[in-house]
file input03.csv (CSV, C-alpha atoms and all ligand atoms)
chain,number,residue,atom,x,y,z
A,38,MET,CA,0.0,0.0,0.0
A,39,ILE,CA,1.4,3.4,-1.1
A,40,LYS,CA,0.4,6.1,1.3
A,41,VAL,CA,0.2,9.7,0.0
A,42,LEU,CA,-0.7,12.8,1.9
A,43,PHE,CA,-1.4,16.0,0.0
A,44,VAL,CA,-0.7,19.2,2.0
A,45,CYS,CA,-1.5,22.9,1.6
A,46,LEU,CA,-2.0,25.8,3.9
A,47,GLY,CA,-5.7,25.5,4.7
A,48,ASN,CA,-6.7,22.0,3.5
A,49,ILE,CA,-10.0,23.3,2.0
A,50,CYS,CA,-8.9,24.3,-1.5
A,51,ARG,CA,-5.8,22.7,-3.1
A,52,SER,CA,-5.0,19.6,-1.1
A,53,PRO,CA,-8.5,18.2,-1.0
A,54,MET,CA,-8.7,18.9,-4.7
A,55,ALA,CA,-5.5,16.9,-5.2
A,56,GLU,CA,-6.8,14.2,-2.8
A,57,PHE,CA,-9.9,13.6,-4.9
A,58,VAL,CA,-8.3,14.1,-8.3
A,59,PHE,CA,-5.6,11.5,-7.4
A,60,LYS,CA,-8.2,9.1,-5.9
A,61,ASP,CA,-10.2,9.3,-9.1
A,62,MET,CA,-7.1,8.8,-11.2
A,63,VAL,CA,-5.9,5.7,-9.4
A,64,ASN,CA,-9.5,4.4,-9.4
A,65,LYS,CA,-9.8,4.7,-13.1
A,66,LYS,CA,-6.5,2.8,-13.5
A,67,GLY,CA,-7.8,0.0,-11.3
A,68,LEU,CA,-5.2,0.8,-8.7
A,69,ALA,CA,-7.4,2.1,-5.9
A,70,ASP,CA,-6.6,-0.8,-3.5
A,71,LYS,CA,-2.8,-0.1,-3.9
A,72,PHE,CA,-3.1,3.4,-2.4
A,73,TYR,CA,-4.1,5.2,0.8
A,74,ILE,CA,-4.7,8.9,0.0
A,75,ASP,CA,-5.4,11.7,2.4
A,76,SER,CA,-4.9,15.5,2.7
A,77,ALA,CA,-4.0,17.9,5.5
A,78,ALA,CA,-3.2,21.6,6.3
A,79,THR,CA,-0.1,23.2,7.7
A,80,SER,CA,-2.3,25.7,9.5
A,81,ASN,CA,-4.7,24.7,12.3
A,82,CYS,CA,-7.2,27.5,11.7
A,83,ASN,CA,-9.7,25.5,9.6
A,84,GLU,CA,-9.4,22.4,11.9
A,85,ILE,CA,-10.5,24.6,14.8
A,86,THR,CA,-13.6,25.8,12.9
A,87,LYS,CA,-14.2,22.4,11.3
A,88,GLU,CA,-14.2,23.8,7.7
A,89,GLY,CA,-15.2,21.5,4.9
A,90,ILE,CA,-14.1,21.8,1.2
A,91,TYR,CA,-14.4,25.3,-0.1
A,92,ILE,CA,-17.3,25.9,-2.5
A,93,ASP,CA,-15.1,26.8,-5.5
A,94,THR,CA,-13.1,23.6,-5.1
A,95,LYS,CA,-16.4,21.6,-4.9
A,96,ASN,CA,-17.7,23.3,-8.0
A,97,ILE,CA,-14.6,22.5,-10.1
A,98,LEU,CA,-14.7,18.9,-8.9
A,99,ARG,CA,-18.4,18.6,-9.9
A,100,GLU,CA,-17.7,20.3,-13.2
A,101,MET,CA,-15.0,17.8,-14.0
A,102,ASN,CA,-17.0,14.8,-12.7
A,103,ILE,CA,-14.5,14.0,-10.0
A,104,PRO,CA,-16.3,12.4,-7.0
A,105,PHE,CA,-15.6,13.6,-3.5
A,106,THR,CA,-16.8,12.7,-0.1
A,107,GLU,CA,-17.2,14.7,3.1
A,108,HIS,CA,-14.0,16.2,4.3
A,109,ILE,CA,-13.1,18.3,7.3
A,110,SER,CA,-9.8,20.2,7.4
A,111,ARG,CA,-7.1,18.8,9.7
A,112,GLN,CA,-3.6,19.9,10.5
A,113,ILE,CA,-0.7,17.6,9.6
A,114,ARG,CA,0.7,15.9,12.7
A,115,LYS,CA,4.2,14.8,13.5
A,116,GLU,CA,3.2,11.1,13.4
A,117,ASP,CA,2.0,11.6,9.7
A,118,TYR,CA,5.7,11.5,8.7
A,119,ASP,CA,5.9,7.8,9.7
A,120,LYS,CA,2.4,7.0,8.5
A,121,PHE,CA,2.8,8.2,4.9
A,122,ASP,CA,5.3,7.4,2.1
A,123,TYR,CA,4.9,10.6,0.2
A,124,ILE,CA,4.0,14.0,1.7
A,125,LEU,CA,3.3,16.4,-1.2
A,126,GLY,CA,3.0,20.1,-0.6
A,127,MET,CA,1.6,22.6,-3.1
A,128,GLU,CA,4.2,25.4,-2.7
A,129,GLU,CA,7.5,26.0,-1.1
A,130,SER,CA,6.0,27.7,2.0
A,131,ASN,CA,4.1,24.4,2.6
A,132,ILE,CA,7.3,22.4,2.5
A,133,LYS,CA,8.9,24.8,5.1
A,134,ASN,CA,5.9,24.5,7.3
A,135,ILE,CA,5.6,20.7,6.9
A,136,LEU,CA,9.2,20.3,8.0
A,137,ARG,CA,8.6,22.6,11.0
A,138,ILE,CA,5.8,20.2,12.1
A,139,VAL,CA,7.3,16.8,11.3
A,140,GLY,CA,11.0,17.6,12.0
A,141,SER,CA,13.6,16.6,9.5
A,142,ASP,CA,12.9,14.7,6.2
A,143,LYS,CA,15.2,11.8,6.9
A,144,GLU,CA,13.5,9.5,4.4
A,145,ASN,CA,13.1,12.1,1.6
A,146,LYS,CA,9.3,11.9,1.6
A,147,VAL,CA,8.5,15.6,1.4
A,148,HIS,CA,8.2,17.2,-2.1
A,149,ARG,CA,6.2,19.7,-4.0
A,150,LEU,CA,3.6,18.1,-6.3
A,151,LEU,CA,4.9,19.8,-9.4
A,152,ASP,CA,8.5,18.7,-8.7
A,153,TYR,CA,7.4,15.5,-10.4
A,154,THR,CA,6.8,17.4,-13.6
A,155,GLU,CA,9.1,18.9,-16.3
A,156,LYS,CA,8.1,22.3,-14.9
A,157,PRO,CA,8.8,22.2,-11.1
A,158,ARG,CA,7.0,25.2,-9.5
A,159,ASP,CA,4.5,26.3,-6.9
A,160,ILE,CA,0.8,25.8,-7.2
A,161,ILE,CA,-0.3,29.2,-6.0
A,162,ASP,CA,-3.0,29.7,-3.4
A,163,PRO,CA,-6.5,30.1,-5.0
A,164,TRP,CA,-7.8,31.3,-1.6
A,165,TYR,CA,-6.0,34.6,-2.3
A,166,TYR,CA,-5.8,34.6,-6.1
A,167,GLY,CA,-9.1,33.0,-7.1
A,168,ASN,CA,-7.5,31.0,-9.9
A,169,PHE,CA,-9.4,27.7,-9.3
A,170,ASP,CA,-9.3,26.6,-13.0
A,171,SER,CA,-5.6,26.9,-13.4
A,172,VAL,CA,-5.0,25.3,-10.0
A,173,TYR,CA,-7.2,22.3,-11.1
A,174,TYR,CA,-5.1,21.9,-14.3
A,175,ASP,CA,-1.8,22.2,-12.3
A,176,ILE,CA,-3.1,19.5,-9.9
A,177,VAL,CA,-4.1,17.1,-12.7
A,178,TYR,CA,-0.7,17.6,-14.3
A,179,GLY,CA,1.2,17.0,-11.1
A,180,CYS,CA,-0.9,14.0,-10.1
A,181,GLU,CA,-0.4,12.4,-13.6
A,182,LYS,CA,3.3,12.8,-13.5
A,183,PHE,CA,3.5,11.7,-9.8
A,184,LEU,CA,1.5,8.5,-10.7
A,185,GLU,CA,3.8,7.9,-13.7
A,186,TYR,CA,6.8,8.2,-11.4
A,187,ILE,CA,5.2,5.7,-8.9
A,188,ILE,CA,4.3,3.2,-11.5
A,189,LYS,CA,7.8,3.2,-13.0
B,201,LIG,P1,-5.6,26.1,0.6
B,201,LIG,O1,-6.2,27.6,0.6
B,201,LIG,O2,-4.3,26.2,1.3
B,201,LIG,O3,-5.4,25.8,-0.9
B,201,LIG,O4,-6.7,25.3,1.3
B,201,LIG,C1,-6.5,28.3,1.8
B,201,LIG,C2,-7.7,28.2,2.3
B,201,LIG,C3,-8.0,28.9,3.5
B,201,LIG,C4,-7.0,29.7,4.1
B,201,LIG,C5,-5.8,29.8,3.5
B,201,LIG,C6,-5.5,29.1,2.3
B,201,LIG,N1,-7.3,30.4,5.2
B,201,LIG,O5,-6.5,31.3,5.6
B,201,LIG,O6,-8.4,30.2,5.8
call {"tool": "encode", "arguments": {"input": "input03.csv", "output": "C-alpha cells", "more": "lines below"}}
Ligand code: 4NP
result
Amino acid sequence: MIKVLFVCLGNICRSPMAEFVFKDMVNKKGLADKFYIDSAATSNCNEITKEGIYIDTKNILREMNIPFTEHISRQIRKEDYDKFDYILGMEESNIKNILRIVGSDKENKVHRLLDYTEKPRDIIDPWYYGNFDSVYYDIVYGCEKFLEYIIK
C-alpha cells in the first residue's frame, strides 16, 4: 500500500482537490486498492472551525466529474511522517511548514507536487488569487506525473 498525503495551507482548496483528483485517477486505472490517500493543512485554523471543502473547489470537482466525499480540514501531525510514504506540498512555503511540524525529512518523503513534472514550481493559493481553474489543471498535471513516477 502506497500512502500519499497532499498538503496545503488551509486543507480546504488545493490539497482536498489533489486528494480527490488523485483518488479518481488511481481508481480509473484499477489501482485504488494499492493506495491510501489523504490530505492535510499546515495551519490549524480550519481544523479549529471544522471547515469543509471550499465551495469553488467543490464546483470544479463537480464540473470535472470528480467524485468527492465529506472532508473536514485537519492539520498535519508529526506522526503523519511515519504513516505516509509521500507528503506532497503545493508550494515552497508548505514544505517549510511541513518540515517545521514533522521535523527533518530523513527519508526524503516531502516534495512539491509539481516537482514530479518537467516544470517544477509552486501551485499558488486560489484562496488569495481565485485561480481555481488553473489550480485544477496544475493539480491534474502534477498527479499524472507523480503517478507515472510511482508506476515506473
Ligand atoms: P488552501 O487555501 O491552502 O489551498 O486550502 C487556503 C484556504 C484557507 C485559508 C488559506 C489558504 N485560510 O486562511 O483560511
call {"tool": "closest_residue", "arguments": {"input": "input03.csv", "among": "A:Leu42, A:Ala78, A:Leu184, A:Met62", "to": "ligand LIG 201 (chain B)", "atoms": "all atoms listed in the file"}}
result
A:Ala78
call {"tool": "residues_near_ligand", "arguments": {"input": "input03.csv", "ligand": "ligand LIG 201 (chain B)", "cutoff": "7 Å", "atoms": "only C-alpha atoms and all ligand atoms", "output": "number ranges by chain"}}
result
A: 45-52, 78, 82-83, 162-164
call {"tool": "write_last_selection", "arguments": {"input": "input03.csv", "atoms": "C-alpha atoms", "output": "tab-separated table (two decimals), in the frame of the given file"}}
result
chain	number	residue	atom	x	y	z
A	45	CYS	CA	-1.50	22.90	1.60
A	46	LEU	CA	-2.00	25.80	3.90
A	47	GLY	CA	-5.70	25.50	4.70
A	48	ASN	CA	-6.70	22.00	3.50
A	49	ILE	CA	-10.00	23.30	2.00
A	50	CYS	CA	-8.90	24.30	-1.50
A	51	ARG	CA	-5.80	22.70	-3.10
A	52	SER	CA	-5.00	19.60	-1.10
A	78	ALA	CA	-3.20	21.60	6.30
A	82	CYS	CA	-7.20	27.50	11.70
A	83	ASN	CA	-9.70	25.50	9.60
A	162	ASP	CA	-3.00	29.70	-3.40
A	163	PRO	CA	-6.50	30.10	-5.00
A	164	TRP	CA	-7.80	31.30	-1.60
call {"tool": "atom_distance", "arguments": {"input": "input03.csv", "atom1": "atom CA of His108 of chain A", "atom2": "atom CA of Thr86 of chain A"}}
result
12.9 Å
call {"tool": "residues_around", "arguments": {"input": "input03.csv", "residues": "Ser171 of chain A", "least_positions_apart": "6", "cutoff": "10 Å", "atoms": "all atoms listed in the file", "output": "PDB file with C-alpha atoms, keeping the file's coordinate frame"}}
result
ATOM      1  CA  ILE A 160       0.800  25.800  -7.200  1.00  0.00           C
ATOM      2  CA  ILE A 161      -0.300  29.200  -6.000  1.00  0.00           C
ATOM      3  CA  PRO A 163      -6.500  30.100  -5.000  1.00  0.00           C
ATOM      4  CA  VAL A 177      -4.100  17.100 -12.700  1.00  0.00           C
TER       5      VAL A 177
END
call {"tool": "closest_residue", "arguments": {"input": "input03.csv", "among": "A:Asp61, A:Lys87, A:Tyr73, A:Ile97", "to": "Phe169 of chain A", "atoms": "only C-alpha atoms"}}
result
A:Ile97
call {"tool": "atom_distance", "arguments": {"input": "input03.csv", "atom1": "atom CA of Met38 of chain A", "atom2": "atom CA of Ala69 of chain A"}}
result
9.7 Å
call {"tool": "closest_residue", "arguments": {"input": "input03.csv", "among": "A:Glu107, A:Asp170, A:Asp175, A:Glu100", "to": "Glu128 of chain A", "atoms": "only C-alpha atoms"}}
result
A:Asp175
call {"tool": "decode", "arguments": {"input": "input03.csv", "residues": "segment 121-168 of chain A", "atoms": "N, CA and C atoms", "output": "CSV table (one decimal), in the first residue's frame"}}
result
chain,number,residue,atom,x,y,z
A,121,PHE,N,2.9,8.1,6.4
A,121,PHE,CA,2.8,8.2,4.9
A,121,PHE,C,4.2,8.0,4.2
A,122,ASP,N,4.1,7.6,2.9
A,122,ASP,CA,5.3,7.4,2.1
A,122,ASP,C,5.7,8.6,1.4
A,123,TYR,N,4.7,9.4,1.0
A,123,TYR,CA,4.9,10.6,0.2
A,123,TYR,C,4.1,11.7,0.9
A,124,ILE,N,4.7,12.9,1.1
A,124,ILE,CA,4.0,14.0,1.7
A,124,ILE,C,4.2,15.2,0.7
A,125,LEU,N,3.1,15.5,0.0
A,125,LEU,CA,3.3,16.4,-1.2
A,125,LEU,C,2.6,17.7,-1.0
A,126,GLY,N,3.5,18.7,-0.8
A,126,GLY,CA,3.0,20.1,-0.6
A,126,GLY,C,2.7,20.8,-2.0
A,127,MET,N,2.0,21.9,-1.9
A,127,MET,CA,1.6,22.6,-3.1
A,127,MET,C,2.6,23.7,-3.5
A,128,GLU,N,3.2,24.3,-2.4
A,128,GLU,CA,4.2,25.4,-2.7
A,128,GLU,C,5.3,25.3,-1.7
A,129,GLU,N,6.3,26.1,-2.0
A,129,GLU,CA,7.5,26.0,-1.1
A,129,GLU,C,7.2,26.4,0.3
A,130,SER,N,6.3,27.3,0.6
A,130,SER,CA,6.0,27.7,2.0
A,130,SER,C,5.4,26.5,2.7
A,131,ASN,N,4.6,25.6,2.0
A,131,ASN,CA,4.1,24.4,2.6
A,131,ASN,C,5.2,23.5,3.0
A,132,ILE,N,6.2,23.3,2.2
A,132,ILE,CA,7.3,22.4,2.5
A,132,ILE,C,8.0,22.9,3.8
A,133,LYS,N,8.2,24.2,3.9
A,133,LYS,CA,8.9,24.8,5.1
A,133,LYS,C,8.1,24.5,6.3
A,134,ASN,N,6.8,24.7,6.2
A,134,ASN,CA,5.9,24.5,7.3
A,134,ASN,C,5.7,23.0,7.7
A,135,ILE,N,5.7,22.1,6.7
A,135,ILE,CA,5.6,20.7,6.9
A,135,ILE,C,6.8,20.3,7.7
A,136,LEU,N,8.0,20.7,7.3
A,136,LEU,CA,9.2,20.3,8.0
A,136,LEU,C,9.3,20.9,9.4
A,137,ARG,N,8.7,22.0,9.6
A,137,ARG,CA,8.6,22.6,11.0
A,137,ARG,C,7.8,21.7,11.9
A,138,ILE,N,6.7,21.1,11.3
A,138,ILE,CA,5.8,20.2,12.1
A,138,ILE,C,6.4,18.8,12.3
A,139,VAL,N,6.9,18.2,11.2
A,139,VAL,CA,7.3,16.8,11.3
A,139,VAL,C,8.8,16.7,11.7
A,140,GLY,N,9.5,17.7,11.7
A,140,GLY,CA,11.0,17.6,12.0
A,140,GLY,C,11.7,17.4,10.7
A,141,SER,N,12.8,16.7,10.7
A,141,SER,CA,13.6,16.6,9.5
A,141,SER,C,13.0,15.6,8.5
A,142,ASP,N,13.4,15.7,7.2
A,142,ASP,CA,12.9,14.7,6.2
A,142,ASP,C,14.0,13.7,6.0
A,143,LYS,N,14.2,12.8,6.9
A,143,LYS,CA,15.2,11.8,6.9
A,143,LYS,C,15.1,10.8,5.7
A,144,GLU,N,13.8,10.6,5.4
A,144,GLU,CA,13.5,9.5,4.4
A,144,GLU,C,13.1,10.1,3.0
A,145,ASN,N,13.3,11.4,2.9
A,145,ASN,CA,13.1,12.1,1.6
A,145,ASN,C,11.7,11.9,1.1
A,146,LYS,N,10.7,12.1,2.0
A,146,LYS,CA,9.3,11.9,1.6
A,146,LYS,C,8.6,13.2,1.2
A,147,VAL,N,9.2,14.3,1.5
A,147,VAL,CA,8.5,15.6,1.4
A,147,VAL,C,8.9,16.3,0.1
A,148,HIS,N,7.9,16.5,-0.8
A,148,HIS,CA,8.2,17.2,-2.1
A,148,HIS,C,7.0,18.1,-2.5
A,149,ARG,N,7.3,19.0,-3.4
A,149,ARG,CA,6.2,19.7,-4.0
A,149,ARG,C,5.6,18.9,-5.1
A,150,LEU,N,4.3,18.9,-5.3
A,150,LEU,CA,3.6,18.1,-6.3
A,150,LEU,C,4.2,18.3,-7.7
A,151,LEU,N,4.4,19.6,-8.0
A,151,LEU,CA,4.9,19.8,-9.4
A,151,LEU,C,6.4,19.6,-9.6
A,152,ASP,N,7.1,19.1,-8.5
A,152,ASP,CA,8.5,18.7,-8.7
A,152,ASP,C,8.6,17.4,-9.4
A,153,TYR,N,7.4,16.7,-9.6
A,153,TYR,CA,7.4,15.5,-10.4
A,153,TYR,C,7.2,15.7,-11.9
A,154,THR,N,7.1,17.0,-12.2
A,154,THR,CA,6.8,17.4,-13.6
A,154,THR,C,8.1,18.0,-14.3
A,155,GLU,N,7.9,18.2,-15.6
A,155,GLU,CA,9.1,18.9,-16.3
A,155,GLU,C,9.1,20.4,-15.9
A,156,LYS,N,8.1,20.9,-15.2
A,156,LYS,CA,8.1,22.3,-14.9
A,156,LYS,C,7.9,22.5,-13.4
A,157,PRO,N,8.9,22.1,-12.6
A,157,PRO,CA,8.8,22.2,-11.1
A,157,PRO,C,8.5,23.7,-10.7
A,158,ARG,N,7.4,23.9,-9.9
A,158,ARG,CA,7.0,25.2,-9.5
A,158,ARG,C,6.0,25.1,-8.5
A,159,ASP,N,5.6,26.2,-7.9
A,159,ASP,CA,4.5,26.3,-6.9
A,159,ASP,C,3.2,26.2,-7.6
A,160,ILE,N,2.2,25.7,-6.8
A,160,ILE,CA,0.8,25.8,-7.2
A,160,ILE,C,0.2,26.9,-6.3
A,161,ILE,N,0.0,28.1,-6.9
A,161,ILE,CA,-0.3,29.2,-6.0
A,161,ILE,C,-1.7,29.2,-5.4
A,162,ASP,N,-1.9,29.9,-4.3
A,162,ASP,CA,-3.0,29.7,-3.4
A,162,ASP,C,-4.3,30.3,-4.0
A,163,PRO,N,-5.3,29.5,-4.4
A,163,PRO,CA,-6.5,30.1,-5.0
A,163,PRO,C,-7.4,30.9,-4.0
A,164,TRP,N,-7.1,30.6,-2.7
A,164,TRP,CA,-7.8,31.3,-1.6
A,164,TRP,C,-7.6,32.8,-1.8
A,165,TYR,N,-6.4,33.2,-2.2
A,165,TYR,CA,-6.0,34.6,-2.3
A,165,TYR,C,-6.1,35.1,-3.7
A,166,TYR,N,-5.9,34.2,-4.7
A,166,TYR,CA,-5.8,34.6,-6.1
A,166,TYR,C,-7.1,34.2,-7.0
A,167,GLY,N,-7.9,33.3,-6.4
A,167,GLY,CA,-9.1,33.0,-7.1
A,167,GLY,C,-9.0,32.2,-8.4
A,168,ASN,N,-7.8,31.6,-8.6
A,168,ASN,CA,-7.5,31.0,-9.9
A,168,ASN,C,-7.8,29.5,-9.9
